[in-house]
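First comes the structure, then the notes that go with it.
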Amino acid sequence: MSDHKLLINGVLRDGARHIDVVNPATGAAFATCPVADLALLDEAVAAAKAAFPAWSARPLADRAGLLTRLADAMQARAAEFGRLLTLEQGKPLDQAGMEIMGAIFTLRAFAGMKLDPVVQKDDAKGKVVEIRRPLGVVAAITPWNYPVMLLMNKLGPALLAGNTVVAKPAPTTPLTSLLFGALCAEILPPGVVNIICDENDLGQALTSHPNVAKVSFTGSTATGRKVMQAAAATLKRVTLELGGNDAAIVLDDVDPIATARKIFQGAMANAGQVCVVIKRAYVPEMMYDIFCDELTRLAQAAVVDDGSRQGTQIGPVQNRAQFEKLKALLADSARDGKIAAGGTALDREGFFIAPTIVRDVTDDAAIVRDEQFGPVLPVLKYTDLDEVVERANASDYGLGGSVWGTDEERAADVAARLQSGTIWVNQHLALSPMIAFRGAKQSGMGAELGLDGLKEYTQAAILNIKRG
Ligand code: NAD
């Protein structure tokens with residue numbers, strides 16, 4: 001038995017069995033989580049399918065009202081959500097609080113959106129109107145870096161548009177999603193939201209299920225490819241938010257110390273486990289040493305500790321597999337470049353990696369080419385601006401990127417040449433539920449957030465009326 005329950009058809013339920021949930025700050029289990037089997041998955045999809053006709057028939061304003069009630073209920077228990085998030089995910093408590101507030105804000109933002117019909121033509125000969133209908137059952141699959149925020153990015157638009165949902169969190173961060181499920185059980189009609197957990201074994205069944213109309217997936221590019229394949233048989237709609245390898249290009253007119261500080265923040269947020277943190281920095285040769293020295297100082301000064309302790313700036317990485325992957329990557333980096341700070345795991349319990357700066361490294365090093373997903377930043381030198389744009393674009397990923405410069409127009413011109421879905425100028429990681437977010441190249445497909453993100457949960461249809 002676990003204190004935490006799945007949500008299926010409005011009922012909080014035990015699973016087919018249980019798995020341990022590990023606190024990454026200790027490496028030890030602190031709770032158990034129920035996991036579903038194929039029969040429970042089928043029940044969840046059937047419940048969502050049965051709930052769809054009534055839910056989709058309700059006025060949009062009703063559904064918006066229920067989203068607001070969910071946001072209110074989450075706000076009332078924000079501290080509990082934050083503590084649980086730190087325990088299962090590892091991020092410092094203040095950052096966990098920010099994720100919860102962001103999630104609440106996202107629900108409220110979607111509650112304020114509309115899907116009005118768009119009149120495309122209206123004259124004596126006829127009228128053409130585009131309307132939008134919900135799709136049906138949405139499978140919402142989330143990763144372990146922002147389990148609460150990323151779930152709301154999907155639930156907000158899916159529910160507002162009139163869809164019903166089967167959500168599946170990552171097996172290492174399931175508990176905050178289940179806590180949210182307990183709120184849904186009190187507020188929503190049965191079956192509108194169902195939350196099941198797994199051991200990384202139900203994704204295929206969920207994404208190929210004949211009664212699922214759309215898959216909204218956030219995770220790695222490798223799994224994203226499997227999702228597309230699984231969805232192909234019934235031509236499900238898919239939105240894929242996948243991996244990234246964001247470049248930051250620093251221009252030669254910046255203050256190197258002030259910019260290094262911002263780049264450090266943009267690289268180390270959530271211990272570097274964000275799809276859109278800075279994963280490689282390109283710095284002009286003329287300021288390279290001073291820039292690397294400041295990054296090194298910041299990495300050495302950062303407080304790395306259990307996220308539950310006050311004052312922690314960087315927590316552990318989220319799970320053992322990611323910890324082992326990072327250790328192997330760092331061992332390679334010592335051969336491919338110069339480790340200016342960090343470079344190893346901390347000598348303590350839990351999955352802690354010392355904030356790492358790698359300098360004098362080449363573009364083909366694994367630490368530059370691959371998505372590290374840890375508190376690690378390679379810093380590369382450049383002399384020619386056209387060449388550095390080419391180097392930044394020489395990636396299969398295209399999620400985010402940033403350009404840093406005092407001359408805004410020049411920086412924006414360079415930014416417009418980066419092949420990513422979002423390119424920031426003098427900032428990184430600035431996301432909003434009101435602004436569409438999408439990956440170029442192998443970083444994804446379709447949009448999340450904003451009105452474009454909402455539309456992804458609908459089927460557009462044209463009403464074409466003849467007159468006269
Ligand atoms: P992952 O792909 O391993 O897992 C993501 C989710 O998919 C988990 O819930 C997992 O259980 C599930 N899954 C596993 N196999 C599946 C299958 N065959 N079919 C369907 N679902 C399956 O990713 P992760 O390691 O949990 O997360 C890290 C990755 O997520 C990084 O690459 C990161 O960049 C990416 N990410 C992207 C965004 C974005 O918005 N673009 C945001 C956060 C994270």
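Chain identifiers are assigned as A, B, and so on, following the order in which chains appear in the structure tokens; residues are numbered from 1 within each chain, and ligands are numbered from 1 in order of appearance.
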
Item to check | Shell of 7 Å around ligand 1 (only C-alpha atoms and all ligand atoms), written as a PyMOL selection string | outcome: chain A and resi 141-146+168-171+198-201+203-204+207+218-224+226-227+241-244+274-275+373+399+439+443-444

Checklist entry - What residues in region 214-446 of chain A get the DSSP label strand (DSSP E or B)? Please answer as JSON, numbers by chain. => result {"A": [214, 215, 216, 217, 218, 237, 238, 239, 240, 241, 246, 247, 248, 249, 250, 278, 279, 280, 281, 282, 283, 284, 304, 314, 338, 339, 340, 341, 345, 353, 356, 357, 358, 359, 376, 377, 378, 379, 380, 381, 382, 397, 398, 401, 402, 403, 404, 424, 425, 437, 438, 440, 441, 444, 445]}

Item to check | Nearest to Ala461 (chain A), chosen from A:Gln120, A:Thr26, A:Thr312, A:Gln229, with only C-alpha atoms counted in the distances | outcome: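 Nearest candidate to Ala461 (chain A) out of A:Gln120, A:Thr26, A:Thr312, A:Gln229: A:Gln120.
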
Item to check | Contacts of Ala365 (chain A) within 10 Å, only C-alpha atoms, excl. fewer than 5 positions in-chain, as an NGL selection string | outcome: :A and (329 or 332-333 or 335-337 or 370 or 378)

Only all heavy atoms, please: the residues just picked out, written as a PDB file, in the first residue's frame.
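New file result.pdb:
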ATOM      1  N   LEU A 329      30.348  11.379 -18.932  1.00  0.00           N
ATOM      2  CA  LEU A 329      30.582  12.524 -19.812  1.00  0.00           C
ATOM      3  C   LEU A 329      31.730  13.385 -19.273  1.00  0.00           C
ATOM      4  O   LEU A 329      32.580  13.869 -20.033  1.00  0.00           O
ATOM      5  CB  LEU A 329      29.288  13.344 -19.887  1.00  0.00           C
ATOM      6  CG  LEU A 329      29.139  14.361 -20.995  1.00  0.00           C
ATOM      7  CD1 LEU A 329      29.239  13.697 -22.360  1.00  0.00           C
ATOM      8  CD2 LEU A 329      27.786  15.056 -20.880  1.00  0.00           C
ATOM      9  N   ASP A 332      35.132  11.891 -19.988  1.00  0.00           N
ATOM     10  CA  ASP A 332      35.545  12.177 -21.375  1.00  0.00           C
ATOM     11  C   ASP A 332      36.021  13.620 -21.517  1.00  0.00           C
ATOM     12  O   ASP A 332      36.962  13.910 -22.245  1.00  0.00           O
ATOM     13  CB  ASP A 332      34.353  11.999 -22.333  1.00  0.00           C
ATOM     14  CG  ASP A 332      34.043  10.548 -22.590  1.00  0.00           C
ATOM     15  OD1 ASP A 332      34.844   9.703 -22.154  1.00  0.00           O
ATOM     16  OD2 ASP A 332      32.990  10.275 -23.204  1.00  0.00           O
ATOM     17  N   SER A 333      35.346  14.528 -20.815  1.00  0.00           N
ATOM     18  CA  SER A 333      35.659  15.956 -20.973  1.00  0.00           C
ATOM     19  C   SER A 333      37.057  16.284 -20.505  1.00  0.00           C
ATOM     20  O   SER A 333      37.697  17.196 -21.026  1.00  0.00           O
ATOM     21  CB  SER A 333      34.688  16.813 -20.179  1.00  0.00           C
ATOM     22  OG  SER A 333      33.413  16.491 -20.529  1.00  0.00           O
ATOM     23  N   ARG A 335      39.530  14.681 -21.070  1.00  0.00           N
ATOM     24  CA  ARG A 335      40.418  14.416 -22.219  1.00  0.00           C
ATOM     25  C   ARG A 335      40.221  15.454 -23.326  1.00  0.00           C
ATOM     26  O   ARG A 335      41.155  15.828 -24.020  1.00  0.00           O
ATOM     27  CB  ARG A 335      40.113  13.028 -22.798  1.00  0.00           C
ATOM     28  CG  ARG A 335      40.688  11.869 -22.017  1.00  0.00           C
ATOM     29  CD  ARG A 335      40.709  10.608 -22.886  1.00  0.00           C
ATOM     30  NE  ARG A 335      39.384  10.307 -23.434  1.00  0.00           N
ATOM     31  CZ  ARG A 335      38.471   9.567 -22.792  1.00  0.00           C
ATOM     32  NH1 ARG A 335      38.753   9.056 -21.609  1.00  0.00           N
ATOM     33  NH2 ARG A 335      37.304   9.340 -23.341  1.00  0.00           N
ATOM     34  N   ASP A 336      38.973  15.942 -23.467  1.00  0.00           N
ATOM     35  CA  ASP A 336      38.645  16.804 -24.611  1.00  0.00           C
ATOM     36  C   ASP A 336      38.861  18.286 -24.350  1.00  0.00           C
ATOM     37  O   ASP A 336      38.792  19.100 -25.274  1.00  0.00           O
ATOM     38  CB  ASP A 336      37.169  16.602 -24.997  1.00  0.00           C
ATOM     39  CG  ASP A 336      36.890  15.190 -25.480  1.00  0.00           C
ATOM     40  OD1 ASP A 336      37.860  14.547 -25.925  1.00  0.00           O
ATOM     41  OD2 ASP A 336      35.737  14.747 -25.406  1.00  0.00           O
ATOM     42  N   GLY A 337      39.056  18.671 -23.088  1.00  0.00           N
ATOM     43  CA  GLY A 337      39.227  20.091 -22.782  1.00  0.00           C
ATOM     44  C   GLY A 337      39.851  20.248 -21.421  1.00  0.00           C
ATOM     45  O   GLY A 337      40.346  19.283 -20.831  1.00  0.00           O
ATOM     46  N   ASP A 370      26.543  16.750 -27.358  1.00  0.00           N
ATOM     47  CA  ASP A 370      25.385  16.076 -26.761  1.00  0.00           C
ATOM     48  C   ASP A 370      24.681  16.977 -25.754  1.00  0.00           C
ATOM     49  O   ASP A 370      25.274  17.916 -25.227  1.00  0.00           O
ATOM     50  CB  ASP A 370      25.827  14.797 -26.034  1.00  0.00           C
ATOM     51  CG  ASP A 370      26.478  13.808 -26.986  1.00  0.00           C
ATOM     52  OD1 ASP A 370      26.322  13.982 -28.213  1.00  0.00           O
ATOM     53  OD2 ASP A 370      27.156  12.883 -26.503  1.00  0.00           O
ATOM     54  N   PRO A 378      30.259  23.842 -21.182  1.00  0.00           N
ATOM     55  CA  PRO A 378      31.460  24.005 -21.990  1.00  0.00           C
ATOM     56  C   PRO A 378      31.516  25.427 -22.572  1.00  0.00           C
ATOM     57  O   PRO A 378      30.483  25.956 -23.001  1.00  0.00           O
ATOM     58  CB  PRO A 378      31.299  22.958 -23.097  1.00  0.00           C
ATOM     59  CG  PRO A 378      29.835  22.686 -23.179  1.00  0.00           C
ATOM     60  CD  PRO A 378      29.195  23.100 -21.892  1.00  0.00           C
TER      61      PRO A 378
END

Item to check | Shell of 8 Å around Val11 (chain A), only C-alpha atoms, local chain residues under 3 positions omitted, as number ranges by chain | outcome: A: 7-8, 185, 190

Quick one: write out the picked residues with N, CA and C atoms as a PDB file, in the first residue's frame?
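Writing the result to selection.pdb gives the following:
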ATOM      1  N   LEU A   7      -5.329   8.048 -10.137  1.00  0.00           N
ATOM      2  CA  LEU A   7      -6.685   8.580 -10.324  1.00  0.00           C
ATOM      3  C   LEU A   7      -7.269   7.979 -11.605  1.00  0.00           C
ATOM      4  N   ILE A   8      -8.288   7.159 -11.418  1.00  0.00           N
ATOM      5  CA  ILE A   8      -8.935   6.537 -12.585  1.00  0.00           C
ATOM      6  C   ILE A   8     -10.444   6.672 -12.411  1.00  0.00           C
ATOM      7  N   ALA A 185      -9.753  14.811  -8.304  1.00  0.00           N
ATOM      8  CA  ALA A 185     -10.828  13.920  -7.836  1.00  0.00           C
ATOM      9  C   ALA A 185     -11.918  14.719  -7.131  1.00  0.00           C
ATOM     10  N   PRO A 190     -15.855  12.704 -12.924  1.00  0.00           N
ATOM     11  CA  PRO A 190     -15.058  11.482 -13.084  1.00  0.00           C
ATOM     12  C   PRO A 190     -14.606  11.275 -14.526  1.00  0.00           C
TER      13      PRO A 190
END

Checklist entry - Which value, in Å to one decimal, gives the distance between CA of Asp384 (chain A) and CA of Gln265 (chain A)? => result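 Calculated distance between CA of Asp384 (chain A) and CA of Gln265 (chain A) is 25.8 Å.
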
Checklist entry - For Arg359 (chain A), which residue out of A:Val283, A:Leu188, A:Val414, A:Ala47 is the nearest one, using only C-alpha atoms? => result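 Closest residue, counting only C-alpha atoms: A:Val283.
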
Next on the checklist: Excluding region 75-89 of chain A and its own-chain neighbours fewer than 6 positions away, which residues fall within 9 Å of it when counting only C-alpha atoms? Please give them as an MDAnalysis selection string.
Outcome noted: chainID A and resid 21:25 30 95:101 104 144:148 172:176 179:180 306:308 316:319

Item to check | Residue contacts of Lys127 (chain A) (12 Å, only C-alpha atoms) excluding same-chain residues fewer than 4 positions away, as an MDAnalysis selection string | outcome: chainID A and resid 118:123 462:468

Output N, CA and C atoms for every residue in that selection, as a compact mmCIF listing (two decimals), in the first residue's frame.
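Contents of again_24.txt, as written:
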# COMPACT_ATOMS: atom_id res chain seq x y z
N VAL A 118 -13.52 31.87 -36.22
CA VAL A 118 -12.88 32.94 -37.00
C VAL A 118 -13.62 33.04 -38.35
N VAL A 119 -14.22 34.20 -38.59
CA VAL A 119 -14.93 34.41 -39.86
C VAL A 119 -13.89 34.73 -40.92
N GLN A 120 -13.81 33.87 -41.93
CA GLN A 120 -12.79 34.10 -42.96
C GLN A 120 -13.37 34.86 -44.16
N LYS A 121 -14.68 34.79 -44.31
CA LYS A 121 -15.33 35.52 -45.40
C LYS A 121 -16.79 35.69 -45.02
N ASP A 122 -17.38 36.83 -45.33
CA ASP A 122 -18.80 37.04 -45.02
C ASP A 122 -19.32 38.09 -45.98
N ASP A 123 -19.97 37.65 -47.08
CA ASP A 123 -20.47 38.62 -48.07
C ASP A 123 -21.76 38.07 -48.67
N ILE A 462 -13.91 23.84 -41.22
CA ILE A 462 -14.43 24.99 -41.97
C ILE A 462 -15.92 24.81 -42.20
N LEU A 463 -16.71 25.80 -41.80
CA LEU A 463 -18.13 25.85 -42.16
C LEU A 463 -18.22 26.77 -43.38
N ASN A 464 -18.70 26.23 -44.49
CA ASN A 464 -18.70 27.01 -45.74
C ASN A 464 -20.14 27.12 -46.23
N ILE A 465 -20.74 28.30 -46.07
CA ILE A 465 -22.18 28.50 -46.30
C ILE A 465 -22.39 29.28 -47.61
N LYS A 466 -23.25 28.75 -48.49
CA LYS A 466 -23.52 29.47 -49.74
C LYS A 466 -24.76 30.34 -49.56
N ARG A 467 -24.72 31.52 -50.16
CA ARG A 467 -25.88 32.43 -50.11
C ARG A 467 -26.31 32.81 -51.52
N GLY A 468 -27.57 33.12 -51.65
CA GLY A 468 -28.08 33.64 -52.89
C GLY A 468 -28.29 32.55 -53.94

Checklist entry - Contacts of Ala341 (chain A) at 9 Å or less, counting only C-alpha atoms, minus same-chain residues fewer than 2 places along, as a list in words? => result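 What passes the distance filter is Leu295, Thr296, Arg297, Ala299, Gln300, Ile339, Gly343, Ala354, Pro355, Thr356, Ile357 and Val358 of chain A.
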
Checklist entry - Which distance in Å separates CA of Met286 (chain A) and CA of Gly266 (chain A), to one decimal? => result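 Separation between CA of Met286 (chain A) and CA of Gly266 (chain A): 22.1 Å.
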
Checklist entry - Which of region 126-305 of chain A counts as alpha helix (DSSP H) under DSSP, as an MDAnalysis selection string please? => result chainID A and resid 147:160 175:187 203:207 221:232 256:268 288:301

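If you look at CA of His209 (chain A) and CA of Arg63 (chain A), they are 25.7 Å away from each other.
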